[in-house]
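Q: Pasting a structure here, questions to come.
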Amino acid sequence: MKYLLLVCTDGEPFDADPAELDPEPWISEVESRGIRLTGDRLRPPSDATTVRVRDGETLITDGPFVETKEFIGGFDILDCADLDEAIEVASKHPIAKYGMLELRPFWT
Amino acid sequence: MTPVEELLAELYADEWGRITASVIRLTGDWDLAEECAQDAFAKALERWPADGIPPRPGGWLYTTARNRAIDRLRRAQNEKTKLAQLAAEPQSAIAPSLEAGSVIPDDRLELMFTCCHPALTTEAQVALTLRTLAGLDTAEIARALLVSEKTMSQRLVRAKNKVRHAGIPFRVPPAHLLPERVGAVLGVLYLLFNEGYSATRGDELTRADLTGEAVRLTRLLAGFMPDEPEVGGLLALMLLHDARSLTRVDDTGGFVPLESQDRSRWNRAQIEEAVSILDDAARRGRAGPYQLQAAIAACHATAASTDETDWPQIALLYKELGRLTASPVVELNRAVAVAMAAGPEAGLVIVAELEAAGSLSGYHLLAATKADLLRRAGRFPEAAAAYRAAIDQAGTAPERQYLERRLAALPPSG
């Protein structure tokens, strides 16, 4: 089963040793298990562009479509046996201790 | 009831859960599992009076439900993947073995863990457990849990969708997850028991049935997991509470406190069974909150009177329980036990600490306990004020009436 792992933060700097936040050990473990297909960090919402088409007109605005304190700072695509494996992998993500992780199953 | 109806009612408790669990394992389809279970019982009701009761009624129901599941899937063109799963199952190994008299596969433990998966809300866990394992229908669950049938029906649909879409596995969790997941299952079972046991509102008869279902499912779990001492602890705790249930309320529905209950009407055989289950669990040397609560309940249940109760031991057990749970309600109970062991003033010291901490403010039992201890200490005006506060905060009529009687019984103050 494929899951989108959304890495959420509130934008405040974490009170953590930078080494603790380094995602590389997590990435290499999860990739060696064949679970992580891809993933990346995302630029902040201030760099986002929102696009809508209304009445044939393309409307473009600067910023995210919804302003919240929390935002998605990164994502990973995981291929797991089941939700338990996805939870186990997510709980080992370095941000799990400071921010929040959301697991969204793929539609199909 | 005809003999067939009687037998089917008896079989229902065990076979419903067994059938749904096994069809879910085969097909992954929860709705189909319920339909097939329902069909099997309907068919038995139709056939058995004419054809006679089959030699292995449970096996007959199981095979009928399973065949129905396979039929339904074969007919549904869009269920190709599920058919492939079915084809991979060793069907031939299951069907003849039934005739040969071997054991029907039992996937109810897997089902329990799936229903109580932490990715589901507690409400969803409770609803799924009652529907799939206990076989209560949506209307019955709604009545028992005091929500509308529509709400319950939506809750069940949402829960089943989450299980399917989020990939919640149908299995007993691996060893490293087991302590936490067993805790979740026990939490749901105890919640069910308490919903029925407290029966503070609503249709008391229906809610009493929840108590029975909770005990039955905990027994089942204890059979599956004899090495998990907390399962035995919870079973003992339920049996001990239940053994005293007849004496908790008087003929007019009023609440009867422990010290005034008629101990001759307690169910002795059930208390003995509970104590023996608890002893078995304790022998494994891994204490936990349910075992401790059961040990406290056993102190009460085996004492000849309030005065002959081992209060120092109860105070000690509450201390240990408080250490494990960090619950202020446990600390309040410890205050009562300490007061019984060492006098009301000693208990009031703990009550004062709880008041200062503030986490129980507005909880009527804090005020009620304080009132009782003040009364026993002879501080009547203070006791009256505390009773009045407790009456304001009490949630149910029997509790309020009890407190009002207590208040009225205070000696007139100066």
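Following the order of the structure tokens, first chain is A, next is B, and so on, with residues numbered from 1 inside each chain and ligands from 1 in the order they appear.
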With a cut-off of 10 Å and counting only C-alpha atoms, select all residues of chain A in contact with chain B and give the selection as an MDAnalysis selection string.
A: chainID A and resid 1:3 80:88 103:108
Q: Using the selection just defined, write its residues with N, CA, C and O atoms as a PDB file, in the first residue's frame.
A:
ATOM      1  N   MET A   1       0.828  -1.203   0.000  1.00  0.00           N
ATOM      2  CA  MET A   1       0.000   0.000   0.000  1.00  0.00           C
ATOM      3  C   MET A   1       0.862   1.251   0.000  1.00  0.00           C
ATOM      4  O   MET A   1       1.848   1.316   0.717  1.00  0.00           O
ATOM      5  N   LYS A   2       0.454   2.230  -0.797  1.00  0.00           N
ATOM      6  CA  LYS A   2       1.245   3.465  -0.855  1.00  0.00           C
ATOM      7  C   LYS A   2       0.621   4.534   0.041  1.00  0.00           C
ATOM      8  O   LYS A   2      -0.602   4.689   0.112  1.00  0.00           O
ATOM      9  N   TYR A   3       1.506   5.233   0.725  1.00  0.00           N
ATOM     10  CA  TYR A   3       1.087   6.325   1.604  1.00  0.00           C
ATOM     11  C   TYR A   3       1.893   7.568   1.273  1.00  0.00           C
ATOM     12  O   TYR A   3       3.090   7.481   0.957  1.00  0.00           O
ATOM     13  N   CYS A  80       4.272   0.556   1.827  1.00  0.00           N
ATOM     14  CA  CYS A  80       4.318  -0.265   3.039  1.00  0.00           C
ATOM     15  C   CYS A  80       3.392  -1.456   2.923  1.00  0.00           C
ATOM     16  O   CYS A  80       2.442  -1.455   2.148  1.00  0.00           O
ATOM     17  N   ALA A  81       3.658  -2.449   3.779  1.00  0.00           N
ATOM     18  CA  ALA A  81       2.796  -3.631   3.811  1.00  0.00           C
ATOM     19  C   ALA A  81       1.408  -3.251   4.312  1.00  0.00           C
ATOM     20  O   ALA A  81       0.398  -3.719   3.798  1.00  0.00           O
ATOM     21  N   ASP A  82       1.347  -2.396   5.333  1.00  0.00           N
ATOM     22  CA  ASP A  82       0.072  -2.005   5.927  1.00  0.00           C
ATOM     23  C   ASP A  82       0.291  -0.771   6.780  1.00  0.00           C
ATOM     24  O   ASP A  82       1.412  -0.257   6.866  1.00  0.00           O
ATOM     25  N   LEU A  83      -0.782  -0.314   7.437  1.00  0.00           N
ATOM     26  CA  LEU A  83      -0.707   0.900   8.236  1.00  0.00           C
ATOM     27  C   LEU A  83       0.294   0.760   9.392  1.00  0.00           C
ATOM     28  O   LEU A  83       0.978   1.715   9.739  1.00  0.00           O
ATOM     29  N   ASP A  84       0.384  -0.418   9.976  1.00  0.00           N
ATOM     30  CA  ASP A  84       1.327  -0.604  11.088  1.00  0.00           C
ATOM     31  C   ASP A  84       2.762  -0.327  10.652  1.00  0.00           C
ATOM     32  O   ASP A  84       3.536   0.297  11.378  1.00  0.00           O
ATOM     33  N   GLU A  85       3.116  -0.790   9.458  1.00  0.00           N
ATOM     34  CA  GLU A  85       4.474  -0.532   8.977  1.00  0.00           C
ATOM     35  C   GLU A  85       4.657   0.964   8.705  1.00  0.00           C
ATOM     36  O   GLU A  85       5.696   1.542   9.036  1.00  0.00           O
ATOM     37  N   ALA A  86       3.633   1.593   8.131  1.00  0.00           N
ATOM     38  CA  ALA A  86       3.720   3.033   7.849  1.00  0.00           C
ATOM     39  C   ALA A  86       3.868   3.830   9.145  1.00  0.00           C
ATOM     40  O   ALA A  86       4.644   4.786   9.214  1.00  0.00           O
ATOM     41  N   ILE A  87       3.133   3.415  10.183  1.00  0.00           N
ATOM     42  CA  ILE A  87       3.226   4.103  11.484  1.00  0.00           C
ATOM     43  C   ILE A  87       4.629   3.931  12.063  1.00  0.00           C
ATOM     44  O   ILE A  87       5.231   4.868  12.576  1.00  0.00           O
ATOM     45  N   GLU A  88       5.153   2.734  11.943  1.00  0.00           N
ATOM     46  CA  GLU A  88       6.495   2.451  12.485  1.00  0.00           C
ATOM     47  C   GLU A  88       7.534   3.332  11.786  1.00  0.00           C
ATOM     48  O   GLU A  88       8.363   3.960  12.447  1.00  0.00           O
ATOM     49  N   LEU A 103      -0.199  10.548   7.739  1.00  0.00           N
ATOM     50  CA  LEU A 103      -0.144   9.466   6.751  1.00  0.00           C
ATOM     51  C   LEU A 103      -1.427   9.474   5.951  1.00  0.00           C
ATOM     52  O   LEU A 103      -2.507   9.308   6.502  1.00  0.00           O
ATOM     53  N   ARG A 104      -1.318   9.658   4.655  1.00  0.00           N
ATOM     54  CA  ARG A 104      -2.511   9.650   3.803  1.00  0.00           C
ATOM     55  C   ARG A 104      -2.383   8.502   2.819  1.00  0.00           C
ATOM     56  O   ARG A 104      -1.477   8.499   1.977  1.00  0.00           O
ATOM     57  N   PRO A 105      -3.289   7.527   2.920  1.00  0.00           N
ATOM     58  CA  PRO A 105      -3.229   6.409   1.969  1.00  0.00           C
ATOM     59  C   PRO A 105      -3.553   6.882   0.544  1.00  0.00           C
ATOM     60  O   PRO A 105      -4.396   7.764   0.368  1.00  0.00           O
ATOM     61  N   PHE A 106      -2.914   6.287  -0.432  1.00  0.00           N
ATOM     62  CA  PHE A 106      -3.244   6.569  -1.827  1.00  0.00           C
ATOM     63  C   PHE A 106      -4.648   6.061  -2.125  1.00  0.00           C
ATOM     64  O   PHE A 106      -5.122   5.114  -1.501  1.00  0.00           O
ATOM     65  N   TRP A 107      -5.325   6.689  -3.072  1.00  0.00           N
ATOM     66  CA  TRP A 107      -6.705   6.313  -3.399  1.00  0.00           C
ATOM     67  C   TRP A 107      -6.780   4.879  -3.906  1.00  0.00           C
ATOM     68  O   TRP A 107      -7.688   4.126  -3.580  1.00  0.00           O
ATOM     69  N   THR A 108      -5.824   4.508  -4.751  1.00  0.00           N
ATOM     70  CA  THR A 108      -5.885   3.145  -5.313  1.00  0.00           C
ATOM     71  C   THR A 108      -4.729   2.283  -4.820  1.00  0.00           C
ATOM     72  O   THR A 108      -3.697   2.794  -4.454  1.00  0.00           O
TER      73      THR A 108
END
Q: Within 10 Å of Arg376 in chain B, counting only C-alpha atoms, which residues show up once you throw out same-chain ones fewer than 6 positions away? Write them as a list in words, please.
A: Ala339, Gly343, Pro344, Glu345, Lys370 and Ala383 of chain B
Q: Output the selection as a PDB file, in the first residue's frame - C-alpha atoms for each residue.
A:
ATOM      1  CA  ALA B 339      -9.232   7.514  56.210  1.00  0.00           C
ATOM      2  CA  GLY B 343      -8.861   8.078  60.614  1.00  0.00           C
ATOM      3  CA  PRO B 344     -10.746  10.784  58.695  1.00  0.00           C
ATOM      4  CA  GLU B 345      -8.206  13.551  59.356  1.00  0.00           C
ATOM      5  CA  LYS B 370     -14.640  15.524  51.579  1.00  0.00           C
ATOM      6  CA  ALA B 383     -19.518  18.741  56.056  1.00  0.00           C
TER       7      ALA B 383
END
Q: Have a look at CA of Arg41 in chain A and CA of Leu5 in chain A and let me know their distance in Å, one decimal.
A: 11.7 Å
Q: DSSP on the backbone: which residues in range 227-297 of chain B end up as helix (DSSP H, G or I)? Give the answer as a PyMOL selection string.
A: chain B and resi 229-243+245-247+258-260+263-265+268-282+289-297
Q: Can you work out which one of B:Gly17, B:Pro49, B:Gly254, B:Pro411 has the shortest atom-to-atom distance to Leu136 in chain B, counting only C-alpha atoms?
A: B:Gly17
Q: Counting only C-alpha atoms, what is within 12 Å of range 90-92 of chain A, bar same-chain residues fewer than 6 positions away, as number ranges by chain?
A: A: 3-8, 20-21, 23-27, 29-30, 35-36, 75-78, 80, 83-84, 98-104
Q: Between CA of Gly378 in chain B and CA of Thr247 in chain B, measure the distance and give it in Å to one decimal.
A: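 Pair CA of Gly378 in chain B / CA of Thr247 in chain B returns 28.6 Å.
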Q: How close does each residue of range 268-362 of chain B get to range 223-237 of chain B, giving the shortest atom pair and distance in Å to one decimal for every residue with an atom at most 10 Å away, counting only C-alpha atoms, sorted by chain and residue number, as a tab-separated table?
A:
residue	atom	partner	partner_atom	distance
B:Gln270	CA	B:Ala236	CA	9.2
B:Ile271	CA	B:Ala236	CA	8.4
B:Glu272	CA	B:Ala236	CA	9.7
B:Glu273	CA	B:Ala236	CA	7.8
B:Ala274	CA	B:Ala236	CA	4.3
B:Val275	CA	B:Ala236	CA	6.7
B:Ser276	CA	B:Ala236	CA	8.4
B:Ile277	CA	B:Gly232	CA	6.0
B:Leu278	CA	B:Gly233	CA	5.7
B:Asp279	CA	B:Gly233	CA	9.0
B:Asp280	CA	B:Gly232	CA	7.8
B:Ala281	CA	B:Pro229	CA	4.4
B:Ala282	CA	B:Pro229	CA	6.8
B:Arg283	CA	B:Pro229	CA	8.5
B:Arg284	CA	B:Pro229	CA	6.6
B:Gly285	CA	B:Pro229	CA	8.4
B:Arg286	CA	B:Pro229	CA	6.8
B:Ala287	CA	B:Pro229	CA	7.6
B:Gly288	CA	B:Glu230	CA	6.2
B:Pro289	CA	B:Glu230	CA	7.7
B:Tyr290	CA	B:Gly233	CA	5.0
B:Gln291	CA	B:Gly233	CA	4.1
B:Leu292	CA	B:Gly233	CA	7.7
B:Gln293	CA	B:Leu237	CA	6.6
B:Ala294	CA	B:Leu237	CA	4.3
B:Ala295	CA	B:Leu237	CA	7.9
B:Ile296	CA	B:Leu237	CA	8.9
B:Ala297	CA	B:Leu237	CA	6.8
B:Ala298	CA	B:Leu237	CA	8.1
Q: Limited to N, CA and C atoms, could you put the picked residues into a file as a CSV table (one decimal), in the first residue's frame?
A:
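Result written to result.csv:
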chain,number,residue,atom,x,y,z
B,270,GLN,N,-18.9,-16.4,41.9
B,270,GLN,CA,-18.3,-15.5,41.0
B,270,GLN,C,-17.1,-14.8,41.6
B,271,ILE,N,-17.2,-14.4,42.9
B,271,ILE,CA,-16.1,-13.8,43.6
B,271,ILE,C,-14.9,-14.8,43.7
B,272,GLU,N,-15.3,-16.0,44.0
B,272,GLU,CA,-14.2,-17.0,44.1
B,272,GLU,C,-13.5,-17.3,42.8
B,273,GLU,N,-14.3,-17.3,41.7
B,273,GLU,CA,-13.7,-17.5,40.4
B,273,GLU,C,-12.8,-16.3,40.1
B,274,ALA,N,-13.2,-15.1,40.4
B,274,ALA,CA,-12.4,-13.9,40.1
B,274,ALA,C,-11.1,-13.9,40.8
B,275,VAL,N,-11.2,-14.3,42.1
B,275,VAL,CA,-10.0,-14.3,42.9
B,275,VAL,C,-9.0,-15.3,42.4
B,276,SER,N,-9.5,-16.5,41.9
B,276,SER,CA,-8.6,-17.5,41.4
B,276,SER,C,-8.0,-17.0,40.1
B,277,ILE,N,-8.8,-16.3,39.2
B,277,ILE,CA,-8.2,-15.8,38.0
B,277,ILE,C,-7.1,-14.8,38.3
B,278,LEU,N,-7.4,-13.9,39.3
B,278,LEU,CA,-6.5,-12.9,39.7
B,278,LEU,C,-5.2,-13.5,40.2
B,279,ASP,N,-5.3,-14.5,41.0
B,279,ASP,CA,-4.1,-15.2,41.6
B,279,ASP,C,-3.2,-15.8,40.4
B,280,ASP,N,-3.9,-16.4,39.4
B,280,ASP,CA,-3.2,-16.9,38.3
B,280,ASP,C,-2.4,-15.8,37.6
B,281,ALA,N,-3.1,-14.6,37.4
B,281,ALA,CA,-2.5,-13.5,36.7
B,281,ALA,C,-1.3,-13.0,37.5
B,282,ALA,N,-1.5,-12.8,38.8
B,282,ALA,CA,-0.5,-12.2,39.7
B,282,ALA,C,0.8,-13.1,39.7
B,283,ARG,N,0.6,-14.4,39.5
B,283,ARG,CA,1.7,-15.3,39.6
B,283,ARG,C,2.7,-15.0,38.5
B,284,ARG,N,2.3,-14.3,37.4
B,284,ARG,CA,3.2,-14.0,36.3
B,284,ARG,C,4.2,-12.9,36.6
B,285,GLY,N,3.9,-12.2,37.8
B,285,GLY,CA,4.9,-11.2,38.3
B,285,GLY,C,4.9,-9.9,37.5
B,286,ARG,N,3.9,-9.6,36.7
B,286,ARG,CA,3.9,-8.3,36.0
B,286,ARG,C,2.6,-7.6,36.4
B,287,ALA,N,2.7,-6.8,37.4
B,287,ALA,CA,1.5,-6.1,37.9
B,287,ALA,C,1.1,-5.0,36.9
B,288,GLY,N,-0.2,-4.6,36.9
B,288,GLY,CA,-0.6,-3.6,36.0
B,288,GLY,C,-1.9,-3.0,36.6
B,289,PRO,N,-2.4,-1.9,36.0
B,289,PRO,CA,-3.6,-1.2,36.6
B,289,PRO,C,-4.8,-2.1,36.8
B,290,TYR,N,-5.1,-3.1,35.8
B,290,TYR,CA,-6.3,-3.9,36.0
B,290,TYR,C,-6.1,-4.9,37.1
B,291,GLN,N,-4.9,-5.5,37.2
B,291,GLN,CA,-4.7,-6.4,38.3
B,291,GLN,C,-4.8,-5.7,39.7
B,292,LEU,N,-4.3,-4.5,39.8
B,292,LEU,CA,-4.3,-3.7,41.0
B,292,LEU,C,-5.7,-3.4,41.4
B,293,GLN,N,-6.5,-2.9,40.4
B,293,GLN,CA,-7.9,-2.6,40.7
B,293,GLN,C,-8.7,-3.8,41.1
B,294,ALA,N,-8.4,-4.9,40.4
B,294,ALA,CA,-9.1,-6.2,40.8
B,294,ALA,C,-8.7,-6.6,42.2
B,295,ALA,N,-7.4,-6.4,42.6
B,295,ALA,CA,-6.9,-6.8,43.9
B,295,ALA,C,-7.7,-5.9,45.0
B,296,ILE,N,-7.9,-4.6,44.6
B,296,ILE,CA,-8.7,-3.8,45.6
B,296,ILE,C,-10.1,-4.3,45.7
B,297,ALA,N,-10.7,-4.6,44.5
B,297,ALA,CA,-12.1,-5.0,44.5
B,297,ALA,C,-12.2,-6.4,45.3
B,298,ALA,N,-11.1,-7.2,45.2
B,298,ALA,CA,-11.1,-8.5,45.9
B,298,ALA,C,-11.1,-8.3,47.4
Q: Residues near Ser46 in chain A, anyone? I mean within 9 Å using only C-alpha atoms, not counting same-chain ones fewer than 4 positions away, as a list in words.
A: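 Everything that qualifies: Asp62, Gly63 and Pro64 of chain A.
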Q: Please run DSSP on the backbone and report, as an MDAnalysis selection string, all residues within chain A that come out as strand (DSSP E).
A: chainID A and resid 2:9 36:41 49:54 57:62 71:79 100:105
Q: So which one's closest to Asp39 in chain B, B:Val249, B:Val188, B:Leu217, B:Leu61? Using only C-alpha atoms, please.
A: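 When distances to Asp39 in chain B are compared using only C-alpha atoms, the smallest one comes from B:Leu61.
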Q: Which neighbours of Thr151 in chain B fall inside 12 Å, counting only C-alpha atoms, when residues of the same chain fewer than 3 positions from it are skipped, and could you give them as an mmCIF file with C-alpha atoms, in the first residue's frame?
A:
data_model
loop_
_atom_site.group_PDB
_atom_site.id
_atom_site.type_symbol
_atom_site.label_atom_id
_atom_site.label_comp_id
_atom_site.auth_asym_id
_atom_site.auth_seq_id
_atom_site.Cartn_x
_atom_site.Cartn_y
_atom_site.Cartn_z
ATOM 1 C CA GLU B 123 -15.968 5.489 19.658
ATOM 2 C CA ALA B 124 -15.292 3.679 16.406
ATOM 3 C CA ALA B 127 -18.922 0.393 17.731
ATOM 4 C CA THR B 138 -26.877 -0.855 14.630
ATOM 5 C CA ALA B 139 -30.103 -0.015 16.468
ATOM 6 C CA ILE B 141 -25.631 -0.394 19.660
ATOM 7 C CA ALA B 142 -27.161 3.055 19.245
ATOM 8 C CA ARG B 143 -29.597 2.402 22.116
ATOM 9 C CA LEU B 145 -24.508 3.898 23.767
ATOM 10 C CA LEU B 146 -27.235 6.564 23.828
ATOM 11 C CA VAL B 147 -26.729 7.965 20.349
ATOM 12 C CA SER B 148 -29.175 8.086 17.459
ATOM 13 C CA GLN B 154 -22.574 6.648 10.013
ATOM 14 C CA ARG B 155 -19.967 5.886 12.641
ATOM 15 C CA LEU B 156 -19.838 2.235 11.593
ATOM 16 C CA VAL B 157 -19.601 3.074 7.892
ATOM 17 C CA ARG B 158 -16.793 5.551 8.527
#
Q: What is the CA of Val329 in chain B-CA of Val215 in chain B distance in Å, reported with one decimal?
A: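 Atom-to-atom, CA of Val329 in chain B to CA of Val215 in chain B, that is 24.1 Å.
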